[in-house]
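> File follows, model_2.cif with mmCIF, N, CA and C atoms:
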```
data_input
loop_
_atom_site.label_atom_id
_atom_site.label_comp_id
_atom_site.auth_asym_id
_atom_site.auth_seq_id
_atom_site.Cartn_x
_atom_site.Cartn_y
_atom_site.Cartn_z
N ASP I 292 10.57 -20.56 -23.29
CA ASP I 292 9.45 -19.72 -23.64
C ASP I 292 9.83 -18.67 -24.68
N GLY I 293 10.95 -18.86 -25.35
CA GLY I 293 11.33 -17.92 -26.40
C GLY I 293 12.25 -16.82 -25.93
N THR I 294 12.83 -16.93 -24.75
CA THR I 294 13.76 -15.91 -24.27
C THR I 294 15.07 -16.55 -23.85
N LYS I 295 16.12 -15.74 -23.88
CA LYS I 295 17.45 -16.19 -23.48
C LYS I 295 17.90 -15.31 -22.32
N VAL I 296 18.30 -15.92 -21.21
CA VAL I 296 18.74 -15.18 -20.03
C VAL I 296 20.26 -15.23 -19.98
N THR I 297 20.89 -14.06 -19.88
CA THR I 297 22.35 -13.97 -19.82
C THR I 297 22.75 -13.20 -18.57
N PHE I 298 23.59 -13.81 -17.74
CA PHE I 298 24.14 -13.12 -16.58
C PHE I 298 25.43 -12.48 -17.07
N ASP I 299 25.38 -11.17 -17.35
CA ASP I 299 26.50 -10.55 -18.04
C ASP I 299 27.27 -9.50 -17.25
N ARG I 300 26.83 -9.15 -16.06
CA ARG I 300 27.59 -8.16 -15.30
C ARG I 300 27.43 -8.38 -13.81
N ARG I 301 28.40 -7.85 -13.05
CA ARG I 301 28.33 -7.82 -11.59
C ARG I 301 28.31 -6.37 -11.17
N ILE I 302 27.37 -6.02 -10.31
CA ILE I 302 27.21 -4.65 -9.87
C ILE I 302 27.47 -4.59 -8.37
N LYS I 303 28.36 -3.68 -7.94
CA LYS I 303 28.69 -3.52 -6.52
C LYS I 303 27.62 -2.67 -5.87
N THR I 304 27.07 -3.15 -4.76
CA THR I 304 26.10 -2.39 -3.97
C THR I 304 26.65 -2.22 -2.57
N HIS I 305 25.95 -1.47 -1.73
CA HIS I 305 26.42 -1.27 -0.36
C HIS I 305 26.29 -2.54 0.48
N ASN I 306 25.50 -3.52 0.03
CA ASN I 306 25.36 -4.79 0.75
C ASN I 306 26.20 -5.92 0.16
N GLY I 307 26.84 -5.69 -0.97
CA GLY I 307 27.62 -6.75 -1.61
C GLY I 307 27.54 -6.63 -3.11
N TRP I 308 27.44 -7.77 -3.79
CA TRP I 308 27.42 -7.81 -5.25
C TRP I 308 26.07 -8.32 -5.75
N VAL I 309 25.63 -7.82 -6.91
CA VAL I 309 24.40 -8.26 -7.55
C VAL I 309 24.75 -8.65 -8.98
N ALA I 310 24.18 -9.75 -9.45
CA ALA I 310 24.42 -10.19 -10.83
C ALA I 310 23.48 -9.44 -11.76
N GLY I 311 24.02 -8.87 -12.84
CA GLY I 311 23.21 -8.20 -13.85
C GLY I 311 22.67 -9.23 -14.82
N VAL I 312 21.40 -9.10 -15.17
CA VAL I 312 20.74 -10.08 -16.03
C VAL I 312 20.21 -9.37 -17.26
N GLU I 313 20.41 -9.99 -18.41
CA GLU I 313 19.85 -9.48 -19.65
C GLU I 313 18.92 -10.57 -20.20
N ILE I 314 17.67 -10.20 -20.43
CA ILE I 314 16.69 -11.15 -20.97
C ILE I 314 16.38 -10.71 -22.40
N VAL I 315 16.73 -11.58 -23.36
CA VAL I 315 16.60 -11.24 -24.77
C VAL I 315 15.67 -12.24 -25.44
N PRO I 316 14.69 -11.77 -26.22
CA PRO I 316 13.84 -12.72 -26.94
C PRO I 316 14.64 -13.41 -28.04
N ILE I 317 14.44 -14.71 -28.19
CA ILE I 317 15.11 -15.49 -29.22
C ILE I 317 14.27 -15.42 -30.48
N LYS I 318 14.86 -15.03 -31.59
CA LYS I 318 14.15 -14.94 -32.87
C LYS I 318 14.00 -16.35 -33.45
N GLN I 319 12.76 -16.76 -33.68
CA GLN I 319 12.52 -18.07 -34.26
C GLN I 319 11.15 -18.08 -34.89
N GLU I 320 10.90 -19.08 -35.73
CA GLU I 320 9.60 -19.26 -36.34
C GLU I 320 8.61 -19.64 -35.26
N ILE I 321 7.39 -19.20 -35.40
CA ILE I 321 6.37 -19.55 -34.43
C ILE I 321 5.86 -20.94 -34.75
N GLY I 322 6.18 -21.89 -33.88
CA GLY I 322 5.76 -23.28 -34.07
C GLY I 322 4.43 -23.52 -33.40
N ALA I 323 4.00 -24.76 -33.40
CA ALA I 323 2.71 -25.10 -32.82
C ALA I 323 2.68 -24.84 -31.33
N SER I 324 3.77 -25.16 -30.60
CA SER I 324 3.76 -24.99 -29.14
C SER I 324 3.72 -23.51 -28.76
N ILE I 325 4.45 -22.65 -29.49
CA ILE I 325 4.43 -21.23 -29.18
C ILE I 325 3.08 -20.64 -29.55
N SER I 326 2.50 -21.06 -30.66
CA SER I 326 1.18 -20.58 -31.04
C SER I 326 0.14 -20.94 -29.98
N GLU I 327 0.24 -22.16 -29.42
CA GLU I 327 -0.69 -22.56 -28.38
C GLU I 327 -0.55 -21.67 -27.16
N LYS I 328 0.70 -21.37 -26.75
CA LYS I 328 0.92 -20.50 -25.60
C LYS I 328 0.33 -19.12 -25.86
N ILE I 329 0.51 -18.61 -27.06
CA ILE I 329 0.00 -17.28 -27.39
C ILE I 329 -1.53 -17.28 -27.34
N HIS I 330 -2.17 -18.30 -27.90
CA HIS I 330 -3.62 -18.35 -27.89
C HIS I 330 -4.16 -18.53 -26.47
N ASN I 331 -3.46 -19.29 -25.63
CA ASN I 331 -3.90 -19.50 -24.26
C ASN I 331 -3.71 -18.26 -23.39
N SER I 332 -2.84 -17.33 -23.78
CA SER I 332 -2.57 -16.16 -22.95
C SER I 332 -3.28 -14.91 -23.46
N LYS I 333 -4.41 -15.06 -24.11
CA LYS I 333 -5.23 -13.95 -24.59
C LYS I 333 -4.48 -13.06 -25.58
N THR I 334 -3.60 -13.62 -26.36
CA THR I 334 -2.86 -12.87 -27.38
C THR I 334 -3.38 -13.30 -28.74
N LYS I 335 -3.58 -12.34 -29.62
CA LYS I 335 -4.05 -12.66 -30.96
C LYS I 335 -2.85 -12.69 -31.91
N VAL I 336 -2.81 -13.68 -32.79
CA VAL I 336 -1.75 -13.78 -33.80
C VAL I 336 -2.38 -13.53 -35.16
N LEU I 337 -1.86 -12.54 -35.85
CA LEU I 337 -2.36 -12.22 -37.17
C LEU I 337 -1.27 -12.49 -38.20
N PRO I 338 -1.55 -13.30 -39.24
CA PRO I 338 -0.53 -13.52 -40.27
C PRO I 338 -0.42 -12.29 -41.16
N SER I 339 0.81 -11.91 -41.49
CA SER I 339 1.03 -10.81 -42.43
C SER I 339 2.30 -11.09 -43.19
N MET I 340 2.21 -11.14 -44.48
CA MET I 340 3.34 -11.42 -45.37
C MET I 340 4.11 -12.64 -44.89
N ASP I 341 5.36 -12.47 -44.42
CA ASP I 341 6.19 -13.61 -44.04
C ASP I 341 6.29 -13.81 -42.54
N LYS I 342 5.74 -12.93 -41.74
CA LYS I 342 5.89 -13.06 -40.29
C LYS I 342 4.53 -12.98 -39.60
N HIS I 343 4.50 -13.33 -38.33
CA HIS I 343 3.29 -13.25 -37.53
C HIS I 343 3.36 -12.00 -36.66
N VAL I 344 2.24 -11.34 -36.46
CA VAL I 344 2.16 -10.17 -35.60
C VAL I 344 1.32 -10.55 -34.39
N CYS I 345 1.89 -10.39 -33.19
CA CYS I 345 1.16 -10.70 -31.96
C CYS I 345 0.51 -9.42 -31.45
N ILE I 346 -0.74 -9.52 -31.03
CA ILE I 346 -1.46 -8.38 -30.47
C ILE I 346 -1.88 -8.77 -29.06
N LYS I 347 -1.60 -7.88 -28.10
CA LYS I 347 -1.94 -8.17 -26.72
C LYS I 347 -2.49 -6.90 -26.07
N ASN I 348 -3.46 -7.07 -25.18
CA ASN I 348 -4.03 -5.95 -24.43
C ASN I 348 -2.99 -5.41 -23.46
N VAL I 349 -2.90 -4.09 -23.34
CA VAL I 349 -1.89 -3.45 -22.50
C VAL I 349 -2.07 -3.83 -21.03
N ASN I 350 -3.31 -4.03 -20.56
CA ASN I 350 -3.54 -4.36 -19.15
C ASN I 350 -3.12 -5.79 -18.83
N ASP I 351 -3.32 -6.71 -19.78
CA ASP I 351 -2.87 -8.09 -19.58
C ASP I 351 -1.34 -8.15 -19.55
N LEU I 352 -0.69 -7.44 -20.47
CA LEU I 352 0.77 -7.42 -20.51
C LEU I 352 1.33 -6.75 -19.26
N HIS I 353 0.66 -5.71 -18.78
CA HIS I 353 1.06 -5.01 -17.56
C HIS I 353 1.11 -5.97 -16.37
N ARG I 354 0.10 -6.83 -16.23
CA ARG I 354 0.08 -7.81 -15.14
C ARG I 354 1.16 -8.88 -15.33
N GLU I 355 1.35 -9.34 -16.56
CA GLU I 355 2.34 -10.39 -16.83
C GLU I 355 3.77 -9.92 -16.59
N LEU I 356 4.03 -8.63 -16.82
CA LEU I 356 5.39 -8.09 -16.65
C LEU I 356 5.68 -7.65 -15.22
N GLY I 357 4.73 -7.77 -14.31
CA GLY I 357 4.98 -7.41 -12.91
C GLY I 357 4.60 -5.98 -12.58
N HIS I 358 3.63 -5.41 -13.28
CA HIS I 358 3.06 -4.10 -12.99
C HIS I 358 4.02 -2.93 -13.20
N PRO I 359 4.71 -2.85 -14.36
CA PRO I 359 5.51 -1.65 -14.63
C PRO I 359 4.61 -0.51 -15.10
N SER I 360 5.18 0.66 -15.35
CA SER I 360 4.40 1.80 -15.83
C SER I 360 3.88 1.53 -17.24
N GLU I 361 2.97 2.40 -17.69
CA GLU I 361 2.41 2.21 -19.03
C GLU I 361 3.49 2.33 -20.10
N ALA I 362 4.38 3.31 -19.96
CA ALA I 362 5.44 3.50 -20.95
C ALA I 362 6.36 2.28 -21.01
N SER I 363 6.72 1.73 -19.83
CA SER I 363 7.58 0.54 -19.79
C SER I 363 6.87 -0.66 -20.38
N THR I 364 5.59 -0.81 -20.10
CA THR I 364 4.82 -1.93 -20.63
C THR I 364 4.78 -1.88 -22.15
N ARG I 365 4.47 -0.71 -22.70
CA ARG I 365 4.39 -0.57 -24.15
C ARG I 365 5.77 -0.75 -24.80
N ALA I 366 6.82 -0.20 -24.19
CA ALA I 366 8.17 -0.34 -24.75
C ALA I 366 8.64 -1.79 -24.71
N THR I 367 8.36 -2.49 -23.62
CA THR I 367 8.74 -3.90 -23.51
C THR I 367 7.99 -4.73 -24.53
N GLY I 368 6.71 -4.46 -24.68
CA GLY I 368 5.91 -5.18 -25.68
C GLY I 368 6.44 -4.95 -27.08
N ALA I 369 6.82 -3.72 -27.40
CA ALA I 369 7.37 -3.42 -28.72
C ALA I 369 8.70 -4.13 -28.94
N SER I 370 9.55 -4.19 -27.90
CA SER I 370 10.84 -4.87 -28.05
C SER I 370 10.67 -6.37 -28.18
N MET I 371 9.56 -6.91 -27.67
CA MET I 371 9.29 -8.35 -27.79
C MET I 371 8.56 -8.69 -29.08
N GLY I 372 8.24 -7.66 -29.90
CA GLY I 372 7.54 -7.90 -31.15
C GLY I 372 6.05 -8.05 -30.98
N ILE I 373 5.51 -7.52 -29.89
CA ILE I 373 4.08 -7.60 -29.61
C ILE I 373 3.46 -6.24 -29.86
N LYS I 374 2.36 -6.20 -30.59
CA LYS I 374 1.63 -4.96 -30.79
C LYS I 374 0.70 -4.79 -29.58
N VAL I 375 0.95 -3.76 -28.80
CA VAL I 375 0.19 -3.52 -27.57
C VAL I 375 -0.97 -2.60 -27.90
N VAL I 376 -2.20 -3.05 -27.58
CA VAL I 376 -3.40 -2.27 -27.88
C VAL I 376 -4.22 -2.08 -26.61
N GLY I 377 -5.16 -1.16 -26.68
CA GLY I 377 -6.08 -0.94 -25.58
C GLY I 377 -5.72 0.28 -24.75
N LYS I 378 -6.64 0.63 -23.86
CA LYS I 378 -6.45 1.78 -22.97
C LYS I 378 -5.89 1.27 -21.64
N PHE I 379 -4.83 1.93 -21.17
CA PHE I 379 -4.19 1.54 -19.91
C PHE I 379 -5.08 1.99 -18.75
N GLU I 380 -5.48 1.04 -17.91
CA GLU I 380 -6.32 1.34 -16.76
C GLU I 380 -5.56 0.96 -15.50
N PRO I 381 -5.61 1.80 -14.45
CA PRO I 381 -4.90 1.46 -13.21
C PRO I 381 -5.49 0.20 -12.59
N CYS I 382 -4.60 -0.71 -12.17
CA CYS I 382 -5.08 -1.96 -11.58
C CYS I 382 -5.07 -1.84 -10.06
N GLU I 383 -5.82 -2.71 -9.42
CA GLU I 383 -5.96 -2.67 -7.96
C GLU I 383 -4.63 -2.91 -7.26
N ALA I 384 -3.80 -3.81 -7.79
CA ALA I 384 -2.50 -4.11 -7.17
C ALA I 384 -1.60 -2.88 -7.17
N CYS I 385 -1.60 -2.12 -8.26
CA CYS I 385 -0.77 -0.90 -8.33
C CYS I 385 -1.29 0.17 -7.38
N ILE I 386 -2.60 0.29 -7.28
CA ILE I 386 -3.18 1.29 -6.37
C ILE I 386 -2.83 0.96 -4.94
N LEU I 387 -2.93 -0.33 -4.55
CA LEU I 387 -2.56 -0.72 -3.19
C LEU I 387 -1.07 -0.53 -2.92
N GLY I 388 -0.25 -0.79 -3.93
CA GLY I 388 1.19 -0.65 -3.77
C GLY I 388 1.63 0.79 -3.61
N LYS I 389 0.87 1.72 -4.16
CA LYS I 389 1.22 3.13 -4.09
C LYS I 389 0.51 3.86 -2.95
N ALA I 390 -0.33 3.15 -2.21
CA ALA I 390 -1.07 3.77 -1.12
C ALA I 390 -0.13 4.17 0.02
N LYS I 391 -0.46 5.25 0.69
CA LYS I 391 0.36 5.73 1.80
C LYS I 391 -0.19 5.18 3.10
N GLN I 392 0.72 4.72 3.94
CA GLN I 392 0.32 4.18 5.24
C GLN I 392 -0.03 5.33 6.18
N ARG I 393 -0.92 5.07 7.11
CA ARG I 393 -1.32 6.10 8.07
C ARG I 393 -0.13 6.54 8.92
N ASN I 394 -0.05 7.83 9.22
CA ASN I 394 1.05 8.36 10.02
C ASN I 394 1.01 7.83 11.45
N VAL I 395 2.20 7.67 12.03
CA VAL I 395 2.32 7.23 13.42
C VAL I 395 2.29 8.45 14.32
N ASN I 396 1.54 8.37 15.40
CA ASN I 396 1.44 9.48 16.34
C ASN I 396 2.80 9.73 16.99
N LYS I 397 3.30 10.97 16.91
CA LYS I 397 4.62 11.29 17.42
C LYS I 397 4.59 11.79 18.87
N THR I 398 3.44 12.02 19.44
CA THR I 398 3.37 12.50 20.82
C THR I 398 3.42 11.32 21.78
N ALA I 399 3.99 11.58 22.95
CA ALA I 399 4.13 10.52 23.95
C ALA I 399 2.78 10.23 24.60
N VAL I 400 2.56 8.97 24.92
CA VAL I 400 1.34 8.55 25.61
C VAL I 400 1.54 8.82 27.10
N GLU I 401 0.48 9.31 27.75
CA GLU I 401 0.60 9.59 29.19
C GLU I 401 0.95 8.33 29.95
N ARG I 402 1.77 8.50 30.97
CA ARG I 402 2.19 7.39 31.79
C ARG I 402 1.00 6.88 32.61
N SER I 403 0.90 5.58 32.73
CA SER I 403 -0.17 4.97 33.49
C SER I 403 -0.01 5.28 34.97
N THR I 404 -1.11 5.40 35.69
CA THR I 404 -1.05 5.69 37.14
C THR I 404 -1.34 4.45 37.97
N VAL I 405 -1.91 3.42 37.40
CA VAL I 405 -2.25 2.20 38.12
C VAL I 405 -1.23 1.12 37.77
N PRO I 406 -0.52 0.56 38.78
CA PRO I 406 0.45 -0.50 38.49
C PRO I 406 -0.24 -1.71 37.82
N GLY I 407 0.38 -2.24 36.77
CA GLY I 407 -0.15 -3.39 36.06
C GLY I 407 -1.17 -3.05 35.01
N GLU I 408 -1.53 -1.75 34.86
CA GLU I 408 -2.53 -1.36 33.87
C GLU I 408 -1.96 -1.45 32.45
N ARG I 409 -0.70 -0.99 32.29
CA ARG I 409 -0.06 -1.04 30.98
C ARG I 409 1.31 -1.67 31.13
N LEU I 410 1.51 -2.81 30.44
CA LEU I 410 2.78 -3.53 30.49
C LEU I 410 3.38 -3.55 29.09
N TYR I 411 4.69 -3.41 29.01
CA TYR I 411 5.41 -3.53 27.75
C TYR I 411 6.18 -4.84 27.77
N LEU I 412 6.08 -5.59 26.69
CA LEU I 412 6.70 -6.91 26.61
C LEU I 412 7.64 -6.94 25.41
N ASP I 413 8.85 -7.43 25.61
CA ASP I 413 9.81 -7.59 24.53
C ASP I 413 10.34 -9.01 24.58
N ILE I 414 10.21 -9.73 23.46
CA ILE I 414 10.71 -11.10 23.37
C ILE I 414 11.94 -11.07 22.46
N CYS I 415 13.04 -11.62 22.91
CA CYS I 415 14.30 -11.59 22.17
C CYS I 415 14.81 -13.02 21.95
N SER I 416 15.69 -13.15 20.95
CA SER I 416 16.32 -14.45 20.69
C SER I 416 17.74 -14.23 20.20
N SER I 417 18.53 -15.29 20.27
CA SER I 417 19.90 -15.24 19.84
C SER I 417 20.23 -16.53 19.10
N ASN I 418 21.19 -16.46 18.18
CA ASN I 418 21.59 -17.66 17.44
C ASN I 418 22.42 -18.60 18.30
N THR I 419 23.12 -18.04 19.29
CA THR I 419 23.96 -18.86 20.16
C THR I 419 23.35 -18.91 21.56
N ALA I 420 23.52 -20.03 22.22
CA ALA I 420 22.98 -20.20 23.57
C ALA I 420 23.82 -19.41 24.58
N LYS I 421 23.18 -18.87 25.59
CA LYS I 421 23.87 -18.14 26.65
C LYS I 421 24.44 -19.13 27.67
N LEU I 422 25.05 -18.62 28.75
CA LEU I 422 25.64 -19.49 29.76
C LEU I 422 24.61 -20.43 30.38
N SER I 423 23.37 -19.95 30.49
CA SER I 423 22.32 -20.78 31.06
C SER I 423 21.79 -21.82 30.06
N GLY I 424 22.22 -21.73 28.79
CA GLY I 424 21.76 -22.66 27.76
C GLY I 424 20.52 -22.18 27.03
N LYS I 425 20.01 -21.01 27.37
CA LYS I 425 18.78 -20.48 26.76
C LYS I 425 19.11 -19.67 25.51
N LYS I 426 18.23 -19.72 24.53
CA LYS I 426 18.37 -18.92 23.32
C LYS I 426 17.33 -17.81 23.24
N HIS I 427 16.29 -17.90 24.05
CA HIS I 427 15.20 -16.93 24.02
C HIS I 427 14.99 -16.37 25.42
N TRP I 428 14.61 -15.11 25.51
CA TRP I 428 14.27 -14.52 26.78
C TRP I 428 13.27 -13.40 26.55
N SER I 429 12.60 -12.97 27.61
CA SER I 429 11.63 -11.88 27.50
C SER I 429 11.83 -10.89 28.64
N VAL I 430 11.44 -9.65 28.39
CA VAL I 430 11.52 -8.58 29.37
C VAL I 430 10.14 -7.95 29.45
N ILE I 431 9.65 -7.75 30.66
CA ILE I 431 8.36 -7.10 30.88
C ILE I 431 8.60 -5.87 31.74
N VAL I 432 8.06 -4.72 31.31
CA VAL I 432 8.23 -3.46 32.05
C VAL I 432 6.85 -2.92 32.37
N ASP I 433 6.63 -2.59 33.64
CA ASP I 433 5.39 -1.95 34.07
C ASP I 433 5.51 -0.45 33.81
N ASN I 434 4.56 0.11 33.09
CA ASN I 434 4.60 1.52 32.72
C ASN I 434 4.44 2.45 33.91
N ALA I 435 3.62 2.09 34.88
CA ALA I 435 3.35 2.96 36.04
C ALA I 435 4.54 3.01 36.99
N THR I 436 5.12 1.86 37.32
CA THR I 436 6.18 1.81 38.33
C THR I 436 7.57 1.72 37.74
N GLY I 437 7.70 1.30 36.49
CA GLY I 437 9.02 1.11 35.89
C GLY I 437 9.66 -0.20 36.31
N TYR I 438 8.91 -1.04 37.02
CA TYR I 438 9.43 -2.31 37.49
C TYR I 438 9.69 -3.24 36.29
N VAL I 439 10.83 -3.90 36.30
CA VAL I 439 11.23 -4.80 35.21
C VAL I 439 11.33 -6.21 35.73
N TRP I 440 10.75 -7.19 35.05
CA TRP I 440 10.92 -8.60 35.38
C TRP I 440 10.95 -9.43 34.14
#
```
Can the structure in the file be given as structure tokens, please?


Amino acid sequence: DGTKVTFDRRIKTHNGWVAGVEIVPIKQEIGASISEKIHNSKTKVLPSMDKHVCIKNVNDLHRELGHPSEASTRATGASMGIKVVGKFEPCEACILGKAKQRNVNKTAVERSTVPGERLYLDICSSNTAKLSGKKHWSVIVDNATGYVW
């Protein structure tokens, strides 16, 4: 698609190693197949002197690049040789991604007074079988009596 991917570094993290990737656009003449891709992706190609100038809407490029900020979208478009036009509008995916989840109640719930009214269930599993040959087990606790089975 006109880009070259280079795995050029290893970065140490607290979980292990991560490969560093550099994605560089390959400079080449715009052939028929690349022109078709550009026209199909809502990009306009304007001839000027000896080279072609690609124009793309900032919101379309924002979605194609994985929803980066406006500054990153425009900078990436400029580095790819694309003239980015239009007004940046917040998209629904970015709004949902930045939304704050409702707070969890930190106060304790009153203990139940009727046995069997409130039960807590925990289902567990293991990669290796236990002495009985089972890999899965469950624990049920009655909130009123504390009885476990």

> Tell me which residues the PyMOL selection byres ((chain I and resi 403) around 6) grabs here, as number ranges by chain.

I: 401-402, 404-405, 434-435

> What does the distance from atom C of Gly357 in chain I to atom C of Lys391 in chain I come to in Å, to one decimal?

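Result for atom C of Gly357 in chain I versus atom C of Lys391 in chain I: 19.8 Å, one decimal.
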
> Go through I:Pro406, I:Cys415, I:Gly377, I:Gly424 and flag the residue nearest Tyr438 in chain I, using only C-alpha atoms for the distances.

I:Pro406

> Residues picked by the PyMOL selection byres (((chain I and resi 378 and name CA) around 9) and name CA) here, as a ChimeraX atom specification?

/I:348-350,376-377,379-380

> If you apply the PyMOL selection byres (((chain I and resi 361 and name CA) around 10) and name CA) to this file, what residues do you get, as a ChimeraX atom specification?

/I:349-350,352-353,358-360,362-367,378-381

> One number please: CA of Val375 in chain I to atom N of Ile346 in chain I, in Å, one decimal.

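Computing the Euclidean distance for CA of Val375 in chain I and atom N of Ile346 in chain I yields 7.0 Å.
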
> Just how far from CA of Ala399 in chain I is atom N of Ile431 in chain I, in Å to one decimal?

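Value for the atom N of Ile431 in chain I-CA of Ala399 in chain I distance: 20.2 Å.
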
> Quick one: range 431-439 of chain I with all heavy atoms, as a PDB file, in the first residue's frame?


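Okay, this is what ended up in part.pdb:
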```pdb
ATOM      1  N   ILE I 431     -19.788 -21.255  47.426  1.00  0.00           N
ATOM      2  CA  ILE I 431     -20.992 -20.469  47.678  1.00  0.00           C
ATOM      3  C   ILE I 431     -20.984 -20.086  49.150  1.00  0.00           C
ATOM      4  O   ILE I 431     -20.782 -20.944  50.022  1.00  0.00           O
ATOM      5  CB  ILE I 431     -22.270 -21.265  47.346  1.00  0.00           C
ATOM      6  CG1 ILE I 431     -22.234 -21.711  45.881  1.00  0.00           C
ATOM      7  CG2 ILE I 431     -23.514 -20.435  47.625  1.00  0.00           C
ATOM      8  CD1 ILE I 431     -23.341 -22.659  45.492  1.00  0.00           C
ATOM      9  N   VAL I 432     -21.203 -18.785  49.438  1.00  0.00           N
ATOM     10  CA  VAL I 432     -21.217 -18.294  50.819  1.00  0.00           C
ATOM     11  C   VAL I 432     -22.554 -17.621  51.061  1.00  0.00           C
ATOM     12  O   VAL I 432     -22.980 -16.755  50.297  1.00  0.00           O
ATOM     13  CB  VAL I 432     -20.064 -17.294  51.056  1.00  0.00           C
ATOM     14  CG1 VAL I 432     -20.094 -16.775  52.481  1.00  0.00           C
ATOM     15  CG2 VAL I 432     -18.722 -17.920  50.735  1.00  0.00           C
ATOM     16  N   ASP I 433     -23.209 -18.006  52.156  1.00  0.00           N
ATOM     17  CA  ASP I 433     -24.455 -17.365  52.570  1.00  0.00           C
ATOM     18  C   ASP I 433     -24.102 -16.112  53.361  1.00  0.00           C
ATOM     19  O   ASP I 433     -23.355 -16.167  54.332  1.00  0.00           O
ATOM     20  CB  ASP I 433     -25.281 -18.321  53.428  1.00  0.00           C
ATOM     21  CG  ASP I 433     -26.635 -17.750  53.806  1.00  0.00           C
ATOM     22  OD1 ASP I 433     -26.955 -16.625  53.377  1.00  0.00           O
ATOM     23  OD2 ASP I 433     -27.376 -18.435  54.538  1.00  0.00           O
ATOM     24  N   ASN I 434     -24.638 -14.970  52.963  1.00  0.00           N
ATOM     25  CA  ASN I 434     -24.312 -13.700  53.593  1.00  0.00           C
ATOM     26  C   ASN I 434     -24.840 -13.600  55.021  1.00  0.00           C
ATOM     27  O   ASN I 434     -24.192 -13.028  55.882  1.00  0.00           O
ATOM     28  CB  ASN I 434     -24.880 -12.541  52.741  1.00  0.00           C
ATOM     29  CG  ASN I 434     -24.503 -11.189  53.283  1.00  0.00           C
ATOM     30  OD1 ASN I 434     -25.363 -10.494  53.811  1.00  0.00           O
ATOM     31  ND2 ASN I 434     -23.243 -10.818  53.163  1.00  0.00           N
ATOM     32  N   ALA I 435     -25.997 -14.163  55.302  1.00  0.00           N
ATOM     33  CA  ALA I 435     -26.609 -14.052  56.639  1.00  0.00           C
ATOM     34  C   ALA I 435     -25.889 -14.921  57.653  1.00  0.00           C
ATOM     35  O   ALA I 435     -25.596 -14.491  58.780  1.00  0.00           O
ATOM     36  CB  ALA I 435     -28.083 -14.423  56.579  1.00  0.00           C
ATOM     37  N   THR I 436     -25.597 -16.173  57.305  1.00  0.00           N
ATOM     38  CA  THR I 436     -25.027 -17.113  58.276  1.00  0.00           C
ATOM     39  C   THR I 436     -23.529 -17.299  58.125  1.00  0.00           C
ATOM     40  O   THR I 436     -22.876 -17.757  59.073  1.00  0.00           O
ATOM     41  CB  THR I 436     -25.690 -18.478  58.111  1.00  0.00           C
ATOM     42  OG1 THR I 436     -25.394 -18.990  56.812  1.00  0.00           O
ATOM     43  CG2 THR I 436     -27.201 -18.402  58.317  1.00  0.00           C
ATOM     44  N   GLY I 437     -22.965 -16.967  56.974  1.00  0.00           N
ATOM     45  CA  GLY I 437     -21.541 -17.198  56.734  1.00  0.00           C
ATOM     46  C   GLY I 437     -21.243 -18.638  56.365  1.00  0.00           C
ATOM     47  O   GLY I 437     -20.094 -19.045  56.260  1.00  0.00           O
ATOM     48  N   TYR I 438     -22.285 -19.436  56.162  1.00  0.00           N
ATOM     49  CA  TYR I 438     -22.126 -20.838  55.832  1.00  0.00           C
ATOM     50  C   TYR I 438     -21.506 -20.959  54.428  1.00  0.00           C
ATOM     51  O   TYR I 438     -21.898 -20.266  53.491  1.00  0.00           O
ATOM     52  CB  TYR I 438     -23.489 -21.547  55.877  1.00  0.00           C
ATOM     53  CG  TYR I 438     -23.409 -23.016  55.616  1.00  0.00           C
ATOM     54  CD1 TYR I 438     -22.934 -23.906  56.606  1.00  0.00           C
ATOM     55  CD2 TYR I 438     -23.797 -23.556  54.396  1.00  0.00           C
ATOM     56  CE1 TYR I 438     -22.855 -25.254  56.365  1.00  0.00           C
ATOM     57  CE2 TYR I 438     -23.720 -24.913  54.147  1.00  0.00           C
ATOM     58  CZ  TYR I 438     -23.249 -25.757  55.128  1.00  0.00           C
ATOM     59  OH  TYR I 438     -23.150 -27.099  54.893  1.00  0.00           O
ATOM     60  N   VAL I 439     -20.527 -21.838  54.285  1.00  0.00           N
ATOM     61  CA  VAL I 439     -19.824 -22.041  53.013  1.00  0.00           C
ATOM     62  C   VAL I 439     -20.071 -23.447  52.524  1.00  0.00           C
ATOM     63  O   VAL I 439     -19.946 -24.413  53.282  1.00  0.00           O
ATOM     64  CB  VAL I 439     -18.288 -21.825  53.206  1.00  0.00           C
ATOM     65  CG1 VAL I 439     -17.567 -22.058  51.891  1.00  0.00           C
ATOM     66  CG2 VAL I 439     -18.021 -20.435  53.733  1.00  0.00           C
TER      67      VAL I 439
END
```
